[in-house]
$ cat run.cif   # mmCIF, C-alpha atoms and all ligand atoms
data_start
#
loop_
_atom_site.label_atom_id
_atom_site.label_comp_id
_atom_site.auth_asym_id
_atom_site.auth_seq_id
_atom_site.Cartn_x
_atom_site.Cartn_y
_atom_site.Cartn_z
CA MET A 20 145.08 -86.06 98.27
CA ASN A 21 143.08 -89.15 99.11
CA SER A 22 142.64 -90.88 95.79
CA MET A 23 143.75 -94.47 95.31
CA LEU A 24 146.31 -94.97 92.59
CA PRO A 25 146.63 -98.18 90.62
CA TYR A 26 149.75 -99.84 91.95
CA ALA A 27 151.74 -99.39 88.74
CA ASP A 28 151.08 -95.63 88.90
CA ALA A 29 152.02 -95.49 92.57
CA ARG A 30 155.26 -97.30 91.80
CA GLN A 31 155.96 -94.92 88.95
CA LYS A 32 155.41 -92.01 91.32
CA VAL A 33 158.01 -93.44 93.71
CA ILE A 34 160.45 -93.84 90.84
CA GLU A 35 159.97 -90.27 89.63
CA ILE A 36 160.27 -88.70 93.07
CA ALA A 37 163.29 -90.83 94.03
CA GLU A 38 165.02 -89.92 90.80
CA ALA A 39 164.35 -86.23 91.33
CA LEU A 40 165.79 -86.50 94.83
CA ARG A 41 168.79 -88.63 93.99
CA ARG A 42 172.15 -87.07 94.76
CA THR A 43 175.55 -88.32 93.72
CA PRO A 44 175.83 -91.27 96.08
CA ARG A 45 178.53 -91.56 98.70
CA VAL A 46 181.03 -94.12 97.46
CA GLU A 47 183.16 -96.81 99.04
CA THR A 48 186.01 -98.92 97.74
CA ILE A 49 185.54 -102.54 98.71
CA GLU A 50 187.22 -105.89 98.13
CA ILE A 51 185.64 -107.95 95.39
CA GLU A 52 184.52 -110.68 97.81
CA GLN A 53 182.24 -108.16 99.51
CA ALA A 54 180.67 -106.90 96.29
CA PHE A 55 177.65 -109.17 95.91
CA GLY A 56 174.51 -107.03 95.62
CA ARG A 57 176.40 -103.72 95.64
CA VAL A 58 176.01 -101.08 92.92
CA LEU A 59 179.08 -100.05 90.95
CA THR A 60 179.81 -96.37 90.63
CA ARG A 61 182.94 -96.97 88.55
CA GLU A 62 182.77 -99.31 85.60
CA VAL A 63 185.03 -102.32 85.13
CA ARG A 64 187.05 -102.40 81.91
CA ALA A 65 189.09 -105.12 80.23
CA ASP A 66 192.76 -104.86 81.23
CA ARG A 67 193.71 -106.89 78.12
CA ASP A 68 192.05 -108.82 75.33
CA TYR A 69 189.68 -111.67 76.30
CA PRO A 70 190.59 -114.31 75.58
CA PRO A 71 194.17 -113.01 75.74
CA PHE A 72 195.23 -115.56 73.07
CA ASN A 73 193.48 -117.82 70.57
CA ARG A 74 192.10 -120.34 73.06
CA SER A 75 191.41 -123.97 72.35
CA THR A 76 188.04 -125.05 73.75
CA ARG A 77 188.73 -128.78 73.37
CA ASP A 78 191.35 -131.40 74.05
CA GLY A 79 192.59 -132.54 70.65
CA PHE A 80 194.97 -131.52 67.92
CA ALA A 81 195.75 -128.08 66.56
CA VAL A 82 195.74 -128.39 62.77
CA ARG A 83 195.83 -126.37 59.59
CA SER A 84 192.25 -126.60 58.27
CA ALA A 85 193.55 -126.76 54.69
CA ASP A 86 195.10 -130.14 55.64
CA ALA A 87 191.83 -131.45 57.05
CA ALA A 88 189.13 -130.47 54.58
CA ALA A 89 188.05 -134.11 54.20
CA PRO A 90 187.81 -137.04 56.68
CA GLY A 91 190.81 -139.35 56.89
CA ALA A 92 193.61 -136.74 56.86
CA ARG A 93 196.91 -138.08 58.27
CA LEU A 94 199.04 -135.54 60.13
CA GLU A 95 202.35 -135.80 61.95
CA CYS A 96 202.14 -134.81 65.61
CA VAL A 97 205.14 -132.57 66.29
CA GLY A 98 204.52 -131.48 69.86
CA GLU A 99 202.24 -131.03 72.82
CA LEU A 100 200.66 -127.94 74.34
CA ARG A 101 199.13 -127.90 77.79
CA ALA A 102 197.10 -124.99 79.18
CA GLY A 103 199.56 -122.24 80.03
CA GLY A 104 202.21 -123.82 77.79
CA ASN A 105 204.00 -122.16 74.89
CA PHE A 106 204.77 -123.87 71.56
CA VAL A 107 207.88 -122.48 69.96
CA GLY A 108 207.61 -122.63 66.20
CA THR A 109 204.90 -122.93 63.59
CA VAL A 110 202.66 -125.83 62.64
CA ALA A 111 203.74 -126.61 59.07
CA PRO A 112 201.58 -128.24 56.36
CA GLY A 113 201.02 -131.90 57.20
CA GLU A 114 201.71 -131.34 60.89
CA CYS A 115 199.63 -131.04 64.03
CA VAL A 116 200.23 -130.34 67.74
CA GLU A 117 198.44 -132.12 70.53
CA ILE A 118 196.59 -129.43 72.49
CA MET A 119 194.64 -129.27 75.74
CA THR A 120 191.57 -127.20 76.57
CA GLY A 121 192.60 -123.66 77.52
CA ALA A 122 195.95 -123.74 75.70
CA SER A 123 196.96 -121.13 73.13
CA VAL A 124 196.58 -122.36 69.56
CA PRO A 125 200.08 -122.34 68.02
CA ALA A 126 201.10 -120.29 64.99
CA GLY A 127 200.23 -121.95 61.71
CA ALA A 128 197.22 -123.83 63.09
CA ASP A 129 193.72 -122.39 62.59
CA ALA A 130 191.48 -125.16 63.95
CA VAL A 131 191.32 -127.84 66.63
CA ALA A 132 190.20 -131.41 65.92
CA MET A 133 188.55 -133.00 68.97
CA ILE A 134 190.47 -135.93 70.38
CA GLU A 135 187.25 -137.98 70.28
CA HIS A 136 187.31 -137.71 66.47
CA THR A 137 190.90 -138.89 65.97
CA LYS A 138 193.00 -142.07 65.98
CA ARG A 139 196.66 -142.35 66.71
CA ASP A 140 199.20 -144.48 64.87
CA GLY A 141 202.59 -143.76 66.46
CA ARG A 142 203.41 -140.13 65.58
CA THR A 143 200.65 -140.07 62.98
CA ILE A 144 197.22 -138.69 63.85
CA ILE A 145 194.29 -139.74 61.66
CA LEU A 146 191.34 -137.33 61.62
CA ASP A 147 187.98 -139.15 61.40
CA ARG A 148 186.17 -135.97 60.43
CA ALA A 149 186.78 -132.90 58.34
CA VAL A 150 187.73 -129.74 60.24
CA LYS A 151 186.86 -126.17 59.29
CA GLY A 152 188.95 -123.06 59.96
CA GLY A 153 188.13 -121.70 63.42
CA ASP A 154 186.69 -124.96 64.77
CA HIS A 155 186.99 -125.13 68.60
CA ILE A 156 188.95 -121.91 68.87
CA VAL A 157 187.81 -118.72 70.60
CA PRO A 158 189.88 -116.00 68.90
CA ARG A 159 191.89 -113.51 70.94
CA GLY A 160 189.80 -110.45 71.83
CA SER A 161 186.50 -111.97 70.62
CA GLU A 162 184.87 -111.83 74.07
CA ALA A 163 186.22 -108.36 74.84
CA GLN A 164 189.04 -106.20 73.57
CA ALA A 165 191.51 -104.47 75.86
CA GLY A 166 189.85 -101.36 77.29
CA ALA A 167 186.31 -102.52 76.49
CA LEU A 168 183.52 -101.95 79.01
CA LEU A 169 182.88 -105.17 80.96
CA VAL A 170 180.52 -104.06 83.71
CA ALA A 171 178.86 -100.65 83.46
CA ALA A 172 178.51 -98.21 86.34
CA ALA A 173 175.05 -98.45 87.98
CA THR A 174 175.06 -102.25 87.70
CA ARG A 175 174.02 -104.20 90.77
CA VAL A 176 176.78 -106.76 91.03
CA GLY A 177 175.99 -110.48 90.99
CA TYR A 178 178.22 -113.51 90.82
CA ALA A 179 178.79 -113.23 87.06
CA GLU A 180 179.93 -109.61 87.33
CA MET A 181 182.16 -110.56 90.26
CA ALA A 182 183.76 -113.34 88.23
CA LEU A 183 184.27 -110.97 85.32
CA ALA A 184 185.87 -108.33 87.55
CA ALA A 185 188.14 -111.02 89.03
CA GLN A 186 189.10 -112.16 85.54
CA ALA A 187 190.06 -108.59 84.66
CA GLY A 188 192.02 -108.16 87.90
CA SER A 189 189.60 -105.53 89.28
CA THR A 190 189.73 -106.87 92.82
CA ARG A 191 188.84 -103.56 94.46
CA LEU A 192 185.56 -102.11 93.32
CA VAL A 193 184.09 -98.66 93.76
CA VAL A 194 180.46 -98.91 94.80
CA SER A 195 177.81 -96.62 96.22
CA ALA A 196 177.25 -96.68 99.95
CA ASN A 197 173.99 -98.48 100.69
CA PRO A 198 171.22 -95.99 101.42
CA ARG A 199 170.41 -95.85 105.12
CA LEU A 200 166.87 -96.94 105.81
CA ALA A 201 165.35 -96.17 109.19
CA ILE A 202 162.62 -98.51 110.40
CA LEU A 203 160.00 -97.29 112.83
CA SER A 204 157.11 -99.43 113.95
CA THR A 205 154.14 -97.68 115.52
CA GLY A 206 151.36 -98.84 117.77
CA ASP A 207 150.43 -98.71 121.46
CA GLU A 208 149.84 -102.46 121.40
CA VAL A 209 153.20 -103.37 119.88
CA VAL A 210 156.02 -104.67 122.08
CA ASP A 211 159.53 -105.80 121.27
CA ALA A 212 159.78 -109.33 119.85
CA ARG A 213 161.90 -110.33 122.88
CA ALA A 214 159.44 -108.91 125.40
CA ASN A 215 156.71 -110.83 127.17
CA PRO A 216 153.47 -109.44 125.67
CA GLY A 217 150.44 -108.74 127.77
CA PRO A 218 147.28 -110.56 126.69
CA LEU A 219 146.23 -107.70 124.40
CA GLN A 220 149.66 -106.84 123.05
CA VAL A 221 151.42 -108.09 119.92
CA ARG A 222 155.11 -108.58 119.31
CA ASN A 223 156.81 -106.42 116.71
CA SER A 224 157.21 -108.67 113.68
CA ASN A 225 157.34 -105.86 111.12
CA GLY A 226 160.62 -104.66 112.56
CA ILE A 227 162.21 -107.96 111.58
CA SER A 228 160.56 -108.37 108.19
CA ILE A 229 161.27 -104.80 107.11
CA GLU A 230 164.85 -105.04 108.34
CA VAL A 231 165.56 -108.18 106.34
CA LEU A 232 163.68 -106.92 103.29
CA ALA A 233 165.75 -103.74 103.44
CA ARG A 234 169.07 -105.49 103.94
CA THR A 235 168.52 -108.03 101.18
CA ALA A 236 167.33 -105.27 98.84
CA GLY A 237 170.60 -103.39 99.33
CA ALA A 238 169.87 -100.85 102.07
CA GLU A 239 171.56 -100.33 105.43
CA PRO A 240 168.78 -100.76 108.00
CA ILE A 241 168.66 -98.61 111.11
CA GLN A 242 166.27 -100.08 113.62
CA LEU A 243 164.33 -97.49 115.64
CA GLY A 244 162.00 -99.92 117.39
CA ASN A 245 158.42 -98.97 118.15
CA ALA A 246 156.74 -95.66 118.91
CA PRO A 247 153.41 -95.36 120.71
CA ASP A 248 150.39 -93.76 119.02
CA GLU A 249 151.07 -90.43 120.62
CA ILE A 250 151.94 -87.24 118.79
CA ILE A 251 155.01 -86.11 120.71
CA ALA A 252 156.74 -89.49 120.90
CA LEU A 253 155.90 -90.22 117.29
CA ARG A 254 157.27 -86.89 116.17
CA LYS A 255 160.52 -87.39 118.06
CA ASN A 256 161.02 -90.83 116.51
CA ILE A 257 160.08 -89.68 113.02
CA GLU A 258 162.57 -86.82 113.29
CA ARG A 259 165.26 -89.35 114.16
CA GLY A 260 164.20 -91.47 111.19
CA LEU A 261 164.49 -88.48 108.88
CA GLU A 262 168.23 -88.45 109.52
CA ALA A 263 168.43 -91.56 107.31
CA ASP A 264 167.99 -91.52 103.52
CA ILE A 265 164.69 -93.41 103.65
CA LEU A 266 162.24 -93.70 106.52
CA VAL A 267 159.90 -96.68 106.57
CA LEU A 268 157.11 -96.57 109.12
CA SER A 269 154.71 -99.38 109.80
CA GLY A 270 151.23 -98.85 111.15
CA GLY A 271 149.27 -95.73 111.93
CA VAL A 272 148.27 -94.83 108.37
CA SER A 273 144.67 -96.07 108.35
CA MET A 274 141.52 -94.12 109.20
CA GLY A 275 141.48 -94.88 112.93
CA LYS A 276 141.43 -92.23 115.60
CA TYR A 277 144.96 -93.16 116.67
CA ASP A 278 146.46 -93.44 113.20
CA LEU A 279 148.63 -90.38 113.60
CA VAL A 280 151.50 -90.89 111.18
CA GLU A 281 150.12 -88.66 108.43
CA GLN A 282 149.29 -85.90 110.86
CA VAL A 283 152.77 -85.91 112.37
CA LEU A 284 154.41 -85.99 108.95
CA SER A 285 152.18 -83.15 107.88
CA ASP A 286 153.22 -81.11 110.94
CA LEU A 287 156.84 -81.71 109.93
CA GLY A 288 156.12 -80.24 106.51
CA ALA A 289 155.85 -83.46 104.49
CA GLU A 290 154.65 -83.41 100.93
CA PHE A 291 152.39 -86.40 100.21
CA HIS A 292 152.65 -88.12 96.83
CA PHE A 293 150.04 -90.74 97.56
CA THR A 294 147.98 -91.72 100.58
CA GLY A 295 146.30 -94.81 99.20
CA VAL A 296 146.88 -97.43 96.54
CA ALA A 297 144.31 -99.67 94.86
CA ILE A 298 145.79 -102.87 96.23
CA ARG A 299 144.81 -105.38 98.86
CA PRO A 300 146.58 -105.89 101.14
CA GLY A 301 148.25 -102.52 101.40
CA ARG A 302 145.53 -100.02 100.52
CA PRO A 303 146.44 -97.29 103.07
CA ALA A 304 150.11 -97.10 102.00
CA VAL A 305 151.53 -93.58 102.14
CA PHE A 306 154.45 -92.09 100.27
CA ALA A 307 155.80 -88.65 101.10
CA THR A 308 158.93 -86.57 101.04
CA CYS A 309 159.94 -84.72 104.17
CA ARG A 310 163.10 -82.69 104.79
CA GLY A 311 164.49 -84.00 101.52
CA LYS A 312 164.02 -87.64 102.53
CA LEU A 313 161.75 -90.38 101.21
CA VAL A 314 159.12 -91.52 103.68
CA PHE A 315 156.96 -94.62 103.36
CA GLY A 316 154.07 -95.17 105.73
CA LEU A 317 153.28 -98.85 105.33
CA PRO A 318 150.13 -100.34 106.82
CA GLY A 319 150.81 -102.17 110.08
CA ASN A 320 149.30 -105.49 109.13
CA PRO A 321 152.33 -107.68 108.58
CA VAL A 322 151.46 -108.96 105.09
CA SER A 323 150.49 -105.45 103.98
CA SER A 324 153.81 -104.03 105.05
CA MET A 325 155.72 -106.79 103.25
CA VAL A 326 153.83 -106.45 99.97
CA THR A 327 154.02 -102.66 99.96
CA PHE A 328 157.71 -102.80 100.77
CA GLU A 329 158.35 -104.99 97.73
CA LEU A 330 156.23 -102.84 95.45
CA PHE A 331 157.24 -99.36 96.55
CA VAL A 332 160.31 -99.27 98.80
CA LEU A 333 162.44 -101.57 96.65
CA PRO A 334 162.61 -99.22 93.64
CA ALA A 335 163.51 -96.32 95.95
CA ILE A 336 166.43 -98.31 97.37
CA ASP A 337 167.62 -99.09 93.85
CA ILE A 338 167.47 -95.49 92.74
CA LEU A 339 169.20 -94.05 95.81
CA SER A 340 171.90 -96.70 95.29
CA GLY A 341 172.46 -95.40 91.77
CA ALA A 342 170.89 -98.42 90.04
CA ALA A 343 167.87 -98.73 87.79
CA PRO A 344 164.75 -99.90 89.63
CA ARG A 345 164.25 -103.65 89.51
CA PRO A 346 161.06 -104.72 87.79
CA VAL A 347 158.34 -106.47 89.78
CA PRO A 348 159.28 -110.05 88.85
CA VAL A 349 155.84 -111.43 88.01
CA PHE A 350 155.48 -114.49 85.86
CA ARG A 351 152.61 -116.65 84.67
CA ALA A 352 151.23 -119.75 86.31
CA LYS A 353 148.16 -121.88 85.82
CA LEU A 354 145.52 -121.40 88.45
CA ALA A 355 144.90 -124.62 90.38
CA THR A 356 141.72 -123.46 92.14
CA PRO A 357 139.19 -120.82 91.06
CA VAL A 358 139.59 -117.33 92.48
CA ARG A 359 136.92 -114.80 93.15
CA GLU A 360 137.84 -111.32 94.34
CA LYS A 361 135.88 -108.14 94.24
CA GLY A 362 136.46 -104.44 94.03
CA PRO A 363 138.55 -102.23 91.79
CA MET A 364 141.78 -103.43 93.35
CA THR A 365 144.78 -105.51 92.54
CA HIS A 366 144.87 -108.39 95.01
CA PHE A 367 148.04 -110.05 96.25
CA LEU A 368 146.93 -113.39 97.62
CA PRO A 369 149.29 -115.79 99.39
CA ALA A 370 149.83 -118.77 97.12
CA ARG A 371 151.88 -121.87 96.76
CA ILE A 372 153.60 -122.02 93.40
CA GLU A 373 154.55 -125.51 92.30
CA TRP A 374 156.03 -126.82 89.12
CA GLU A 375 154.68 -129.73 87.15
CA GLY A 376 157.37 -130.36 84.63
CA ARG A 377 158.03 -126.92 83.18
CA GLU A 378 154.61 -125.52 83.97
CA ALA A 379 154.03 -123.44 87.10
CA ARG A 380 150.77 -123.94 88.99
CA ALA A 381 149.45 -121.51 91.59
CA ILE A 382 147.40 -122.72 94.53
CA GLN A 383 145.73 -120.04 96.58
CA LEU A 384 146.14 -120.67 100.31
CA PRO A 385 143.41 -120.09 102.84
CA TRP A 386 144.13 -117.05 104.95
CA GLN A 387 142.57 -114.71 107.45
CA GLY A 388 143.60 -111.54 105.66
CA SER A 389 146.56 -109.21 105.86
CA GLY A 390 147.48 -110.00 109.45
CA ASP A 391 147.95 -113.69 108.70
CA ILE A 392 151.65 -114.42 108.52
CA VAL A 393 150.97 -118.03 109.48
CA ALA A 394 149.51 -118.39 105.97
CA LEU A 395 152.21 -116.26 104.41
CA ALA A 396 154.96 -118.46 105.78
CA GLN A 397 153.31 -121.39 103.93
CA ALA A 398 153.22 -119.38 100.73
CA ASN A 399 156.16 -118.95 98.39
CA GLY A 400 154.47 -116.27 96.33
CA PHE A 401 151.40 -114.19 95.67
CA LEU A 402 148.68 -114.58 93.15
CA VAL A 403 148.26 -111.19 91.52
CA VAL A 404 144.65 -110.62 90.56
CA GLY A 405 143.99 -107.34 88.80
CA PRO A 406 140.74 -105.33 88.95
CA GLU A 407 139.81 -106.36 85.43
CA ARG A 408 139.65 -110.05 86.37
CA PRO A 409 137.51 -110.57 89.46
CA ASP A 410 136.60 -114.19 88.59
CA ILE A 411 139.19 -116.58 87.32
CA ALA A 412 138.48 -120.22 86.59
CA GLU A 413 140.70 -123.15 87.38
CA GLY A 414 143.22 -123.78 84.59
CA GLU A 415 143.43 -120.15 83.47
CA TRP A 416 146.75 -118.33 83.32
CA VAL A 417 147.35 -115.88 86.14
CA GLU A 418 150.20 -113.65 87.23
CA VAL A 419 152.22 -114.63 90.26
CA LEU A 420 154.82 -112.72 92.23
CA PRO A 421 157.44 -114.84 93.99
CA ARG A 422 158.03 -114.15 97.64
CA ARG A 423 161.61 -112.93 97.56
CA GLY A 424 163.97 -115.57 98.89
CA ALA A 425 161.29 -118.31 98.95
CA ILE A 426 161.65 -119.47 95.35
P1 LIG A 501 147.63 -100.25 111.92
O1 LIG A 501 148.11 -100.16 110.49
O2 LIG A 501 148.43 -99.43 112.85
O3 LIG A 501 146.17 -99.94 111.99
O4 LIG A 501 147.81 -101.76 112.35
C1 LIG A 501 147.13 -102.79 111.69
C2 LIG A 501 147.36 -104.11 112.38
O5 LIG A 501 148.72 -104.46 112.30
C3 LIG A 501 146.99 -104.13 113.84
O6 LIG A 501 146.36 -105.36 114.12
C4 LIG A 501 148.33 -104.01 114.54
O7 LIG A 501 148.32 -104.55 115.83
C5 LIG A 501 149.22 -104.76 113.62
N1 LIG A 501 150.61 -104.26 113.69
C6 LIG A 501 150.98 -102.97 113.63
N2 LIG A 501 152.29 -102.84 113.77
C7 LIG A 501 152.78 -104.09 113.89
C8 LIG A 501 154.10 -104.63 114.06
N3 LIG A 501 155.15 -103.82 114.10
N4 LIG A 501 154.24 -105.96 114.14
C9 LIG A 501 153.16 -106.76 114.08
N5 LIG A 501 151.90 -106.32 113.93
C10 LIG A 501 151.71 -104.99 113.84
MG MG A 502 148.33 -98.90 114.79
#
$ encode --input "run.cif" --output "C-alpha cells" --more "lines below"
Ligand code: AMP
Ligand code: MG
Amino acid sequence: MNSMLPYADARQKVIEIAEALRRTPRVETIEIEQAFGRVLTREVRADRDYPPFNRSTRDGFAVRSADAAAPGARLECVGELRAGGNFVGTVAPGECVEIMTGASVPAGADAVAMIEHTKRDGRTIILDRAVKGGDHIVPRGSEAQAGALLVAAATRVGYAEMALAAQAGSTRLVVSANPRLAILSTGDEVVDARANPGPLQVRNSNGISIEVLARTAGAEPIQLGNAPDEIIALRKNIERGLEADILVLSGGVSMGKYDLVEQVLSDLGAEFHFTGVAIRPGRPAVFATCRGKLVFGLPGNPVSSMVTFELFVLPAIDILSGAAPRPVPVFRAKLATPVREKGPMTHFLPARIEWEGREARAIQLPWQGSGDIVALAQANGFLVVGPERPDIAEGEWVEVLPRRGAI
C-alpha cells in the first residue's frame, strides 16, 4: 500500500487499530499527588453530599427570607457562626445570625444577606436590600449527592479532578500503567547527542524530542538509542523495541536506498496500515502493527518526526492508556503575512502566534524545511494549511496548531 492518506484519515486509522488492539490495561494504585496526567481505571465517587451542609457563600447574616422581602427590615442578631461552627437552635421570625463564608446556614434561616448590604445598630441589623429565599446559599447535595459519580473511569486526571478526588477523600487512585514506548533512531550518520560528531555526522536530536513528547503525552519512554542503516542491526533493535507496547522509529522510511525500516518490519511480519500521509512535513510516515504491537516509522527530519508524533502517536498513547484520544487542538488565528503553498497536502508551517487583545495572529517564520529546528524553536505553533487553500491572503482566518508546551 503506497497511497497517501489525508491526515485526518490516517489519524482515524491509528485510532481504529489502537482500539482493536487495546487490552485491559495494567493498573497501579498511586497517591493522589502523583496523579497528574494519569488515566483513571476506577471512578471517583462522592463519599457524602457536596456541599455536606447548606453552605453560605458570603459573609453576612443568615435570615428568614419572609422577614426580608422588602428593604429596611430590622432583625435581632442572636448569634454568630464561623466556618466549621455549629449554631444550636433555630432562627426565629425577626431574628438573624451573623454568618461567615463556608459556615452551615442554621435551621430556620433560608437566605444570607451580604454584610455589605447591612447596617448595625447594637444588636439590631438593618437590611438595606430585600433578600430572596436561597440567596447566597449552596444547598446540601446540590453539587453532588453521596455516591454520585465525580470523575469517570478513563478520564485523564488534571488539577481539577485531583482537587475533586481530594475533596472526596480519594487520596489513593487506581490508574492504568503508562504504555511503554520504545524509541529507536536510525541512521548511519546519527551519533549520540553527547558524542563528538565527525564533520559529516549529526547528533541524535529526535531521541530527545520523542522522549519528551512521549513522557508528556503519558507514555513511559524506553530509549533504545540509534541503529545503523543495516538490516541485521536494525532487526535486532526493532525486535527489542517490539517488547514495548508502542515502538516509535525515526528515520529510514523514505525512498532512499538505505531506508530499510519498512523492509525489516516486513520481514518481521508487520502489517502496514499506511506508508504515507498527505502532509508536509511528515509525508513518509508509516504506521504498522507487528507482533501485536503498534509501530510508527516517523521520518527522520526532526520537525517531521515531531509533527507526526503529535498527529499520530498521541492518540495511540491515549487509547492504550484507556482514555479517549485527545483532539488535535487547532484554533483560528488571523494570518499576518500571505501564505502560498502547493500540492495536495496539508502543510504544517512553523509560526509565531501572538495575541492582539483577544485576537490571535499567526506569523509564518522563515525556515529551511523539515530539518530546521532552529526555526521551530522560534515558533510556538504551526500554521495548518489544507490542500483546498493553497493561497491565503493576509488578514484571512487560518487554522493554527499550538506547539505543545510552548503556549
Ligand atoms: P531519513 O528519514 O532517515 O531519510 O532522515 C532524514 C533527515 O533527518 C536526514 O538529514 C537525517 O540525517 C536526519 N535525521 C535522521 N535521524 C535523526 C535523528 N535521530 N536526529 C536528528 N536528525 C536525524
Ligand atoms: Mg536515514
$ atom_distance --input "run.cif" --atom1 "atom CA of Thr76 of chain A" --atom2 "atom CA of Glu62 of chain A"
28.8 Å
$ closest_residue --input "run.cif" --among "A:Glu258, A:Asp391, A:Glu407, A:Glu208" --to "ligand LIG 501 (chain A)" --atoms "all atoms listed in the file"
A:Glu208
$ closest_residue --input "run.cif" --among "A:Val193, A:Cys309, A:Ala89, A:Ile250" --to "Arg45 of chain A" --atoms "all atoms listed in the file"
A:Val193
$ residues_near_point --input "run.cif" --point "(185.7, -103.9, 76.2)" --cutoff "9 Å" --atoms "only C-alpha atoms" --output "list in words"
Arg64, Ala65, Asp66, Arg67, Asp68, Tyr69, Gly160, Glu162, Ala163, Gln164, Ala165, Gly166, Ala167, Leu168 and Leu169 of chain A
$ closest_atom_pairs --input "run.cif" --of "chain A" --to "ligand MG 502 (chain A)" --cutoff "10 Å" --atoms "only C-alpha atoms and all ligand atoms" --output "Markdown table"
| residue | atom | partner | partner_atom | distance |
| --- | --- | --- | --- | --- |
| A:Ser204 | CA | A:MG502 | MG | 8.8 |
| A:Thr205 | CA | A:MG502 | MG | 6.0 |
| A:Gly206 | CA | A:MG502 | MG | 4.3 |
| A:Asp207 | CA | A:MG502 | MG | 7.0 |
| A:Glu208 | CA | A:MG502 | MG | 7.7 |
| A:Val209 | CA | A:MG502 | MG | 8.3 |
| A:Ala246 | CA | A:MG502 | MG | 9.9 |
| A:Pro247 | CA | A:MG502 | MG | 8.6 |
| A:Asp248 | CA | A:MG502 | MG | 7.0 |
| A:Ser269 | CA | A:MG502 | MG | 8.1 |
| A:Gly270 | CA | A:MG502 | MG | 4.7 |
| A:Gly271 | CA | A:MG502 | MG | 4.4 |
| A:Val272 | CA | A:MG502 | MG | 7.6 |
| A:Ser273 | CA | A:MG502 | MG | 7.9 |
| A:Gly275 | CA | A:MG502 | MG | 8.2 |
| A:Lys276 | CA | A:MG502 | MG | 9.6 |
| A:Tyr277 | CA | A:MG502 | MG | 6.9 |
| A:Asp278 | CA | A:MG502 | MG | 6.0 |
| A:Leu279 | CA | A:MG502 | MG | 8.6 |
| A:Val280 | CA | A:MG502 | MG | 9.3 |
| A:Pro318 | CA | A:MG502 | MG | 8.3 |
| A:Gly319 | CA | A:MG502 | MG | 6.2 |
| A:Asn320 | CA | A:MG502 | MG | 8.7 |
$ closest_residue --input "run.cif" --among "A:Ala252, A:Val267, A:Ala214, A:Ala92" --to "Thr137 of chain A" --atoms "only C-alpha atoms"
A:Ala92
$ residues_around --input "run.cif" --residues "Ala54 of chain A" --least-positions-apart "2" --cutoff "10 Å" --atoms "all atoms listed in the file" --output "list in words"
Thr48, Ile49, Glu50, Ile51, Glu52, Gly56, Arg57, Val58, Leu59, Arg175, Val176, Gly177, Tyr178, Glu180, Met181, Thr190, Arg191, Leu192, Val193 and Val194 of chain A
$ axis_aligned_box --input "run.cif" --around "ligand LIG 501 (chain A)" --padding-each-side "5 Å" --output "AutoDock Vina command-line options"
--center_x 150.7 --center_y -103.1 --center_z 113.2 --size_x 19.0 --size_y 17.3 --size_z 15.3
$ decode --input "run.cif" --residues "segment 47-77 of chain A" --atoms "C-alpha atoms" --output "PDB file, in the first residue's frame"
ATOM      1  CA  GLU A  47      -1.430   0.769  39.545  1.00  0.00           C
ATOM      2  CA  THR A  48      -2.608   2.354  42.764  1.00  0.00           C
ATOM      3  CA  ILE A  49      -0.909   5.689  43.316  1.00  0.00           C
ATOM      4  CA  GLU A  50      -1.021   8.576  45.765  1.00  0.00           C
ATOM      5  CA  ILE A  51      -3.123  11.489  44.620  1.00  0.00           C
ATOM      6  CA  GLU A  52      -0.109  13.831  44.400  1.00  0.00           C
ATOM      7  CA  GLN A  53       1.319  11.630  41.644  1.00  0.00           C
ATOM      8  CA  ALA A  54      -1.887  11.512  39.611  1.00  0.00           C
ATOM      9  CA  PHE A  55      -1.488  14.474  37.264  1.00  0.00           C
ATOM     10  CA  GLY A  56      -1.837  13.270  33.670  1.00  0.00           C
ATOM     11  CA  ARG A  57      -2.658   9.676  34.630  1.00  0.00           C
ATOM     12  CA  VAL A  58      -5.777   7.862  33.407  1.00  0.00           C
ATOM     13  CA  LEU A  59      -8.240   6.563  35.979  1.00  0.00           C
ATOM     14  CA  THR A  60      -9.341   2.967  35.704  1.00  0.00           C
ATOM     15  CA  ARG A  61     -11.596   3.223  38.762  1.00  0.00           C
ATOM     16  CA  GLU A  62     -14.007   6.113  39.034  1.00  0.00           C
ATOM     17  CA  VAL A  63     -14.137   8.514  41.969  1.00  0.00           C
ATOM     18  CA  ARG A  64     -17.488   8.793  43.743  1.00  0.00           C
ATOM     19  CA  ALA A  65     -18.823  11.231  46.321  1.00  0.00           C
ATOM     20  CA  ASP A  66     -18.311   9.879  49.851  1.00  0.00           C
ATOM     21  CA  ARG A  67     -21.063  12.233  51.114  1.00  0.00           C
ATOM     22  CA  ASP A  68     -23.221  15.059  49.848  1.00  0.00           C
ATOM     23  CA  TYR A  69     -21.464  18.125  48.366  1.00  0.00           C
ATOM     24  CA  PRO A  70     -21.760  20.556  49.884  1.00  0.00           C
ATOM     25  CA  PRO A  71     -22.249  18.422  53.007  1.00  0.00           C
ATOM     26  CA  PHE A  72     -24.482  21.149  54.532  1.00  0.00           C
ATOM     27  CA  ASN A  73     -26.289  24.253  53.289  1.00  0.00           C
ATOM     28  CA  ARG A  74     -23.226  26.430  52.762  1.00  0.00           C
ATOM     29  CA  SER A  75     -23.142  30.187  52.997  1.00  0.00           C
ATOM     30  CA  THR A  76     -21.198  31.730  50.112  1.00  0.00           C
ATOM     31  CA  ARG A  77     -20.922  35.170  51.729  1.00  0.00           C
TER      32      ARG A  77
END
